[in-house]
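Asks: This is my_file14.txt (compact mmCIF, C-alpha atoms (C1' of nucleotides)).
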```
# COMPACT_ATOMS: atom_id res chain seq x y z
CA MET A 98 0.00 0.00 0.00
CA PRO A 99 1.40 3.35 -1.06
CA TRP A 100 1.21 4.91 2.42
CA ARG A 101 3.49 2.37 4.01
CA ILE A 102 7.28 2.43 4.04
CA GLY A 103 9.25 -0.72 3.39
CA PRO A 104 11.18 -2.77 5.95
CA ALA A 105 14.50 -1.73 4.40
CA GLU A 106 13.68 1.94 4.90
CA ARG A 107 12.57 1.18 8.45
CA ALA A 108 15.77 -0.70 9.16
CA ALA A 109 17.69 2.33 7.94
CA GLY A 110 15.94 4.39 10.62
CA ALA A 111 13.25 6.01 8.50
CA ARG A 112 9.90 6.90 10.06
CA PRO A 113 6.66 7.18 8.12
CA ASP A 114 5.69 10.73 7.14
CA PRO A 115 3.00 11.87 9.65
CA TYR A 116 1.19 13.74 6.87
CA ARG A 117 0.83 10.60 4.80
CA VAL A 118 -0.13 8.49 7.81
CA TRP A 119 -2.79 11.04 8.78
CA LEU A 120 -4.16 11.32 5.23
CA SER A 121 -4.33 7.56 4.75
CA GLU A 122 -5.93 6.95 8.16
CA VAL A 123 -8.64 9.55 7.56
CA MET A 124 -9.37 8.10 4.12
CA LEU A 125 -9.53 4.62 5.61
CA GLN A 126 -12.20 5.56 8.15
CA GLN A 127 -15.11 3.22 7.32
CA THR A 128 -13.59 2.72 3.89
CA THR A 129 -11.79 -0.18 2.26
CA VAL A 130 -8.16 -0.20 1.17
CA ALA A 131 -9.20 -0.85 -2.44
CA ALA A 132 -11.40 2.25 -2.50
CA VAL A 133 -8.73 4.46 -0.91
CA ARG A 134 -5.64 3.59 -2.91
CA ASP A 135 -6.15 5.81 -5.97
CA TYR A 136 -7.52 8.70 -3.91
CA PHE A 137 -4.43 8.61 -1.73
CA ARG A 138 -2.16 8.68 -4.78
CA ARG A 139 -3.99 11.63 -6.33
CA PHE A 140 -4.03 13.62 -3.09
CA THR A 141 -0.35 13.14 -2.36
CA ALA A 142 0.63 13.86 -5.97
CA ARG A 143 -1.33 17.09 -5.94
CA TRP A 144 -0.69 18.14 -2.33
CA PRO A 145 2.59 16.55 -1.21
CA ASP A 146 2.63 18.04 2.28
CA VAL A 147 0.33 19.60 4.85
CA ALA A 148 1.28 23.16 3.84
CA ALA A 149 0.25 22.49 0.25
CA LEU A 150 -3.05 21.01 1.35
CA ALA A 151 -3.73 23.88 3.74
CA ALA A 152 -3.28 26.32 0.84
CA ALA A 153 -5.68 24.44 -1.46
CA GLU A 154 -9.07 25.78 -2.52
CA ASP A 155 -12.01 24.17 -0.71
CA ALA A 156 -13.77 23.32 -3.97
CA GLU A 157 -10.66 21.61 -5.36
CA VAL A 158 -10.33 19.38 -2.31
CA MET A 159 -14.03 18.51 -2.25
CA ALA A 160 -13.89 17.65 -5.97
CA GLU A 161 -10.86 15.43 -5.42
CA TRP A 162 -12.70 13.66 -2.59
CA ALA A 163 -15.87 13.17 -4.66
CA GLY A 164 -16.97 9.52 -4.72
CA LEU A 165 -15.14 8.52 -1.54
CA GLY A 166 -18.07 9.33 0.74
CA TYR A 167 -18.44 10.72 4.26
CA TYR A 168 -17.70 14.21 2.99
CA ALA A 169 -17.36 15.67 6.51
CA ARG A 170 -13.99 13.94 6.42
CA ALA A 171 -12.85 16.17 3.56
CA ARG A 172 -14.10 19.32 5.25
CA ASN A 173 -12.36 18.33 8.49
CA LEU A 174 -9.26 17.34 6.56
CA LEU A 175 -8.91 20.90 5.30
CA LYS A 176 -9.68 22.39 8.71
CA CYS A 177 -7.08 20.12 10.27
CA ALA A 178 -4.44 20.92 7.65
CA ARG A 179 -4.99 24.64 8.21
CA VAL A 180 -4.71 24.31 11.98
CA VAL A 181 -1.51 22.28 11.66
CA ALA A 182 -0.05 24.69 9.11
CA GLY A 183 -1.19 27.84 10.88
CA GLU A 184 -0.92 27.02 14.56
CA HIS A 185 1.60 24.19 14.80
CA GLY A 186 4.26 25.42 12.37
CA GLY A 187 3.34 22.75 9.83
CA ARG A 188 4.05 19.82 12.14
CA PHE A 189 1.47 17.44 13.53
CA PRO A 190 1.32 17.06 17.33
CA ALA A 191 3.53 14.10 18.21
CA SER A 192 1.23 12.55 20.84
CA ARG A 193 -2.12 10.81 20.86
CA ASP A 194 -3.62 13.41 23.17
CA GLY A 195 -2.39 16.30 21.03
CA LEU A 196 -3.68 14.71 17.82
CA LEU A 197 -7.06 14.06 19.43
CA LYS A 198 -7.74 17.80 19.62
CA LEU A 199 -7.60 18.22 15.83
CA PRO A 200 -10.71 18.23 13.59
CA GLY A 201 -11.59 14.85 12.14
CA ILE A 202 -9.19 12.97 14.42
CA GLY A 203 -10.96 10.75 16.93
CA PRO A 204 -9.72 8.03 19.28
CA TYR A 205 -8.88 5.56 16.52
CA THR A 206 -7.05 7.94 14.21
CA ALA A 207 -5.15 9.68 17.02
CA ALA A 208 -3.87 6.36 18.35
CA ALA A 209 -3.00 5.09 14.86
CA ILE A 210 -0.95 8.17 13.94
CA ALA A 211 0.77 8.25 17.35
CA ALA A 212 1.72 4.58 17.14
CA ILE A 213 2.68 4.40 13.46
CA ALA A 214 4.36 7.77 12.95
CA TYR A 215 5.64 8.56 16.46
CA ASP A 216 6.21 5.13 18.03
CA GLU A 217 3.90 5.89 20.96
CA ALA A 218 2.50 2.84 22.74
CA ALA A 219 -1.07 3.90 21.98
CA THR A 220 -3.82 1.29 21.74
CA VAL A 221 -5.39 1.29 18.28
CA VAL A 222 -8.94 -0.05 18.17
CA ASP A 223 -10.86 -0.18 14.92
CA GLY A 224 -13.47 -2.64 13.68
CA ASN A 225 -10.81 -5.23 12.84
CA VAL A 226 -9.25 -5.07 16.30
CA GLU A 227 -12.67 -5.30 17.93
CA ARG A 228 -13.34 -8.49 16.01
CA VAL A 229 -9.92 -10.04 16.67
CA ILE A 230 -10.12 -9.30 20.40
CA ALA A 231 -13.74 -10.43 20.74
CA ARG A 232 -12.70 -13.78 19.29
CA LEU A 233 -9.33 -14.13 20.99
CA ARG A 234 -10.91 -13.44 24.41
CA HIS A 235 -14.35 -14.90 23.65
CA VAL A 236 -16.31 -11.74 24.46
CA GLU A 237 -20.03 -12.46 24.09
CA THR A 238 -21.28 -8.95 24.85
CA PRO A 239 -22.71 -7.42 21.68
CA LEU A 240 -21.33 -4.24 20.09
CA PRO A 241 -21.44 -1.36 20.59
CA SER A 242 -21.79 -1.99 24.35
CA ALA A 243 -18.71 -4.20 24.32
CA LYS A 244 -16.44 -1.46 22.98
CA PRO A 245 -14.95 -0.29 26.33
CA ALA A 246 -14.20 -3.85 27.44
CA LEU A 247 -12.64 -4.68 24.07
CA THR A 248 -10.51 -1.55 24.28
CA ASP A 249 -9.26 -2.58 27.72
CA LEU A 250 -8.42 -6.07 26.49
CA ALA A 251 -6.63 -4.62 23.47
CA ALA A 252 -4.62 -2.32 25.74
CA GLU A 253 -3.32 -5.35 27.64
CA LEU A 254 -1.78 -6.60 24.39
CA THR A 255 -0.23 -3.30 23.27
CA PRO A 256 3.56 -3.58 23.44
CA GLN A 257 6.05 -0.83 24.30
CA ASP A 258 8.26 -2.07 21.47
CA ARG A 259 7.09 -1.35 17.89
CA PRO A 260 3.50 -0.41 18.81
CA GLY A 261 2.90 0.84 15.26
CA ASP A 262 3.81 -2.51 13.74
CA HIS A 263 1.67 -4.24 16.36
CA ALA A 264 -1.33 -2.04 15.50
CA GLN A 265 -0.98 -2.64 11.79
CA ALA A 266 -0.48 -6.37 12.36
CA MET A 267 -3.70 -6.56 14.38
CA MET A 268 -5.63 -4.71 11.69
CA ASP A 269 -4.09 -6.77 8.89
CA LEU A 270 -4.93 -9.96 10.76
CA GLY A 271 -8.55 -8.82 10.96
CA ALA A 272 -8.61 -7.79 7.31
CA THR A 273 -7.06 -10.95 5.87
CA ILE A 274 -7.39 -13.92 8.28
CA CYS A 275 -9.78 -13.08 11.10
CA THR A 276 -12.43 -11.86 8.67
CA PRO A 277 -16.08 -11.20 9.53
CA ARG A 278 -17.28 -14.27 7.64
CA ASN A 279 -15.43 -17.56 7.19
CA PRO A 280 -12.31 -16.68 9.22
CA ALA A 281 -9.27 -18.64 8.04
CA CYS A 282 -8.42 -20.02 11.46
CA SER A 283 -6.11 -22.72 10.08
CA LEU A 284 -3.85 -19.95 8.76
CA CYS A 285 -3.99 -17.87 11.93
CA PRO A 286 -0.88 -17.54 14.09
CA LEU A 287 -3.15 -17.04 17.12
CA GLU A 288 -5.30 -20.12 16.56
CA GLY A 289 -3.85 -21.93 19.58
CA PHE A 290 -4.60 -18.93 21.83
CA CYS A 291 -8.09 -18.14 20.55
CA ALA A 292 -10.83 -18.71 23.14
CA ALA A 293 -13.66 -18.40 20.61
CA ARG A 294 -11.98 -20.94 18.34
CA ALA A 295 -11.64 -23.34 21.26
CA ALA A 296 -15.37 -22.94 21.95
CA GLY A 297 -16.21 -23.20 18.23
CA VAL A 298 -18.05 -19.86 18.12
CA GLN A 299 -15.44 -17.74 16.31
CA ALA A 300 -17.61 -17.07 13.24
CA GLU A 301 -20.45 -15.72 15.41
CA LEU A 302 -18.32 -13.06 17.10
CA PRO A 303 -18.40 -10.22 17.65
CA ARG A 304 -22.13 -10.19 18.32
CA LYS A 305 -23.95 -7.05 17.28
CA VAL A 306 -27.28 -5.50 18.07
CA PRO A 307 -29.44 -5.64 14.92
CA LYS A 308 -29.68 -2.40 12.95
CA ALA A 309 -32.89 -0.60 12.21
CA GLN A 310 -34.40 -1.04 8.77
CA LYS A 311 -33.78 1.83 6.35
CA PRO A 312 -36.76 3.92 5.24
CA THR A 313 -37.18 4.93 1.59
CA ARG A 314 -37.22 8.61 0.63
CA PHE A 315 -38.16 10.21 -2.66
CA GLY A 316 -36.90 13.29 -4.44
CA ILE A 317 -36.48 15.13 -7.73
CA ALA A 318 -33.32 16.47 -9.35
CA TYR A 319 -33.36 19.16 -12.05
CA LEU A 320 -30.60 18.88 -14.63
CA GLY A 321 -30.54 22.08 -16.64
CA ARG A 322 -28.26 22.26 -19.66
CA ARG A 323 -27.76 25.64 -21.29
CA VAL A 324 -27.55 25.76 -25.07
CA ASP A 325 -23.77 26.34 -24.84
CA GLY A 326 -23.41 23.07 -22.90
CA ALA A 327 -23.03 24.60 -19.42
CA TRP A 328 -24.76 22.72 -16.58
CA LEU A 329 -26.75 24.34 -13.77
CA LEU A 330 -25.31 23.15 -10.44
CA GLU A 331 -25.30 24.34 -6.86
CA ARG A 332 -22.93 24.10 -3.92
CA ARG A 333 -24.59 22.27 -1.05
CA PRO A 334 -24.44 23.78 2.44
CA ASP A 335 -21.48 22.74 4.59
CA LYS A 336 -23.60 20.93 7.16
CA GLY A 337 -25.55 17.77 6.60
CA LEU A 338 -25.77 15.19 3.85
CA LEU A 339 -23.22 15.66 1.03
CA GLY A 340 -22.22 18.90 2.77
CA GLY A 341 -19.93 21.15 0.76
CA MET A 342 -20.31 19.10 -2.41
CA LEU A 343 -21.63 20.08 -5.82
CA GLY A 344 -25.09 18.81 -6.70
CA TRP A 345 -28.12 19.30 -8.91
CA PRO A 346 -30.84 21.66 -7.72
CA GLY A 347 -33.81 19.67 -6.55
CA SER A 348 -36.40 18.87 -3.95
CA ASP A 349 -35.72 17.93 -0.38
CA TRP A 350 -35.65 14.18 0.08
CA GLY A 351 -38.42 12.78 2.18
CA ALA A 352 -42.15 13.27 2.12
CA ALA A 353 -41.30 15.59 -0.73
CA PRO A 354 -43.78 18.19 -1.85
CA LEU A 355 -43.18 19.00 -5.48
CA PRO A 356 -40.80 21.94 -5.45
CA ALA A 357 -40.56 24.71 -7.99
CA PRO A 358 -37.96 24.12 -10.69
CA PRO A 359 -34.86 26.33 -10.34
CA VAL A 360 -35.78 28.13 -13.53
CA ALA A 361 -38.83 28.22 -15.76
CA ALA A 362 -38.27 25.88 -18.68
CA ASP A 363 -39.72 23.00 -20.59
CA TRP A 364 -38.75 20.30 -18.11
CA ARG A 365 -39.36 16.76 -19.11
CA ALA A 366 -39.15 13.73 -16.88
CA LEU A 367 -36.58 11.14 -17.79
CA GLY A 368 -37.64 7.55 -17.91
CA GLY A 369 -36.43 5.51 -15.00
CA GLU A 370 -35.04 6.84 -11.75
CA VAL A 371 -31.87 6.89 -9.73
CA ARG A 372 -31.73 4.46 -6.84
CA HIS A 373 -29.13 5.09 -4.21
CA THR A 374 -28.65 3.93 -0.62
CA PHE A 375 -27.13 6.21 1.99
CA THR A 376 -26.10 5.25 5.51
CA HIS A 377 -29.59 5.54 6.94
CA PHE A 378 -32.10 5.65 4.06
CA HIS A 379 -32.81 4.48 0.51
CA LEU A 380 -33.37 7.19 -2.06
CA ARG A 381 -35.41 7.03 -5.25
CA LEU A 382 -34.67 10.10 -7.29
CA SER A 383 -36.66 11.24 -10.30
CA VAL A 384 -34.66 13.20 -12.85
CA MET A 385 -35.96 16.15 -14.86
CA LEU A 386 -34.05 17.50 -17.84
CA ALA A 387 -34.36 20.80 -19.70
CA GLU A 388 -32.46 22.81 -22.27
CA LEU A 389 -32.07 26.40 -21.06
CA PRO A 390 -31.72 29.52 -23.22
CA ALA A 391 -28.52 31.57 -23.34
CA GLY A 392 -29.44 34.54 -21.17
CA VAL A 393 -31.40 32.81 -18.41
CA THR A 394 -30.82 33.74 -14.75
CA PRO A 395 -31.55 30.85 -12.36
CA GLU A 396 -33.00 31.35 -8.88
CA ARG A 397 -30.71 28.67 -7.53
CA GLY A 398 -27.23 27.55 -8.42
CA TYR A 399 -24.85 28.69 -11.11
CA PHE A 400 -23.70 27.52 -14.50
CA VAL A 401 -20.58 25.40 -14.80
CA PRO A 402 -19.14 25.72 -18.33
CA ARG A 403 -18.94 22.59 -20.42
CA ASP A 404 -15.12 22.55 -20.48
CA THR A 405 -14.95 22.90 -16.68
CA PHE A 406 -17.62 20.39 -15.73
CA ARG A 407 -16.41 16.95 -14.72
CA PRO A 408 -18.93 14.33 -13.57
CA ALA A 409 -16.22 12.83 -11.37
CA ASP A 410 -16.35 15.98 -9.21
CA LEU A 411 -19.88 15.06 -8.10
CA PRO A 412 -20.85 12.79 -5.22
CA THR A 413 -21.97 9.42 -6.51
CA VAL A 414 -25.72 9.95 -6.25
CA MET A 415 -25.41 13.15 -8.32
CA ARG A 416 -23.20 11.42 -10.86
CA LYS A 417 -25.84 8.70 -11.22
CA ALA A 418 -28.41 11.37 -12.07
CA TYR A 419 -26.04 12.78 -14.68
CA ASP A 420 -25.48 9.31 -16.14
CA LEU A 421 -29.24 8.83 -16.43
CA ALA A 422 -29.54 12.16 -18.22
CA GLN A 423 -26.77 11.18 -20.63
CA SER A 424 -28.62 8.00 -21.54
CA GLY A 425 -31.79 10.08 -21.90
CA LEU A 426 -30.04 12.50 -24.25
CA ALA A 427 -28.56 9.69 -26.25
CA GLU A 428 -32.05 8.49 -27.10
CA ASN A 429 -32.79 11.77 -28.92
C1' DA B 86 -25.83 9.16 23.74
C1' DA B 87 -28.30 8.09 19.78
C1' DA B 88 -28.36 9.55 15.22
C1' DA B 89 -26.25 11.39 11.16
C1' DC B 90 -23.06 10.65 7.84
C1' DG B 91 -21.41 7.53 1.59
C1' DT B 92 -20.02 4.20 -1.08
C1' DG B 93 -18.85 -0.14 -3.36
C1' DG B 94 -18.10 -5.01 -2.71
C1' DT B 95 -19.84 -9.42 -1.08
C1' DC B 96 -22.68 -13.27 -0.04
C1' DT C 179 -32.28 -7.77 -4.73
C1' DG C 180 -30.95 -6.56 -0.40
C1' DA C 181 -28.74 -6.69 4.01
C1' DC C 182 -24.35 -6.51 5.80
C1' DC C 183 -19.91 -4.86 5.98
C1' DA C 184 -15.13 -1.63 5.82
C1' DA C 185 -8.70 1.07 9.01
C1' DG C 186 -14.91 6.26 12.87
C1' DT C 187 -16.09 11.14 13.99
C1' DT C 188 -19.22 14.62 15.19
C1' DT C 189 -23.10 16.61 17.42
```
Is it possible to give me this structure as structure tokens?

Replies:
Amino acid sequence: MPWRIGPAERAAGARPDPYRVWLSEVMLQQTTVAAVRDYFRRFTARWPDVAALAAAEDAEVMAEWAGLGYYARARNLLKCARVVAGEHGGRFPASRDGLLKLPGIGPYTAAAIAAIAYDEAATVVDGNVERVIARLRHVETPLPSAKPALTDLAAELTPQDRPGDHAQAMMDLGATICTPRNPACSLCPLEGFCAARAAGVQAELPRKVPKAQKPTRFGIAYLGRRVDGAWLLERRPDKGLLGGMLGWPGSDWGAAPLPAPPVAADWRALGGEVRHTFTHFHLRLSVMLAELPAGVTPERGYFVPRDTFRPADLPTVMRKAYDLAQSGLAEN
DNA sequence: AAAACGTGGTC
DNA sequence: TGACCAAGTTT
């Protein structure tokens, strides 16, 4: 993985770059390695250090983050970079407790950066570690109630020597061997020590309280294309769902009353709809399309010229609406 | 302290 | 198709 340094570099006394550790750990929050890899490469190529990132335009960073999800992470990433650049002389705090004060850095990320970049014997507990510990120590208490006990048990295993390697080994074990389903116990170096394995219940742990069913919400998106090819978009407010991202003007999502279009035009409904599932609800989005005249002034949003507009700058649900419109246009 | 907050892969 | 899951944080 591009954010790790090799054993040879380590042996030569090199330490991982705290900026790269921080960036990778924030990207990896609730997100898989496969999804993160290319984003990490693009971010570090474009903004090689925290000073460069702190100086970036908000819209550029949000566009580069588009598609990765949990957009509060990108907003906090910028806040954090600017605090580090402006108030800490461009250097990250070198302790777990110092890191914990920064925006977007919680208990997991603070401990991970402290252990990996600064060799602090901090206990790193993510979803992988919770699972490994719940099995190793046969903890039957369901999550999330079990979290404090699992953290205590994990702390008992945290070594003073090479805590960063220990943390990454625990997480890698959870990601590759001690997986949620069908754990590969026969390949596990801890098999002989695993209490859940001895009891034959390893695949059932950790137990979890069932999650509530997701409701379905409905909405409408208006995709306005000016005759010169510019698209009518708007910047979403910084708080809330898809905060700070570009999107199509549209209705609220819920028990949606039909809203007024952003500009008077000959809107036509596209066949089909966009289906998208967020963390806590399903969305079914109807898409309206219109061609707008040259001099029109919209009540919402602003026109993004054709040569500037990139669908990849949109959050996924908005890109799906664009894709549907493209297929609708292609039929004409 | 419960709820909000994205997305893509998997079974 | 759909529920579950992934290197959590914020309010």

Asks: At most 9 Å is the cut-off: for each residue in chain B with any atom that close to an atom of chain A, write down the nearest atom pair and the distance in Å rounded to one decimal, counting all atoms listed in the file, chain first then increasing number, as JSON lines.

Replies:
```
{"residue": "B:DA89", "atom": "C1'", "partner": "A:Gly337", "partner_atom": "CA", "distance": 7.9}
{"residue": "B:DC90", "atom": "C1'", "partner": "A:Tyr167", "partner_atom": "CA", "distance": 5.8}
{"residue": "B:DG91", "atom": "C1'", "partner": "A:Gly166", "partner_atom": "CA", "distance": 3.9}
{"residue": "B:DT92", "atom": "C1'", "partner": "A:Gly166", "partner_atom": "CA", "distance": 5.8}
{"residue": "B:DG93", "atom": "C1'", "partner": "A:Ala132", "partner_atom": "CA", "distance": 7.9}
```

Asks: Using only C-alpha atoms (C1' of nucleotides), I'd like a table of the residues in chain C that come within 7 Å of chain A; for each, show the closest atom pair and its distance in Å rounded to one decimal, ordered by chain and ascending number, as JSON lines.

Replies:
```
{"residue": "C:DA184", "atom": "C1'", "partner": "A:Thr128", "partner_atom": "CA", "distance": 5.0}
{"residue": "C:DA185", "atom": "C1'", "partner": "A:Leu125", "partner_atom": "CA", "distance": 5.0}
{"residue": "C:DG186", "atom": "C1'", "partner": "A:Gln126", "partner_atom": "CA", "distance": 5.5}
{"residue": "C:DT187", "atom": "C1'", "partner": "A:Gly203", "partner_atom": "CA", "distance": 5.9}
```

Asks: What separation in Å, quoted to one decimal, exists between atom CA of A:Leu343 and atom CA of A:Ala160?

Replies: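 Here the two named atoms are 8.1 Å from each other.
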
Asks: Would you compute the distance between atom CA of A:Leu270 and atom CA of A:Arg101? Give it in Å to one decimal.

Replies: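 Separating atom CA of A:Leu270 from atom CA of A:Arg101 is a distance of 16.4 Å.
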
Asks: Taking only C-alpha atoms into account, name the residue in A:Thr238, A:Tyr419, A:Ala108, A:Leu233 that is nearest to A:Gly289.

Replies: A:Leu233

Asks: If I take atom CA of A:Arg381 and atom CA of A:Asp410, how far is one from the other in Å, to one decimal?

Replies: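 Pair atom CA of A:Arg381 / atom CA of A:Asp410 returns 21.4 Å.
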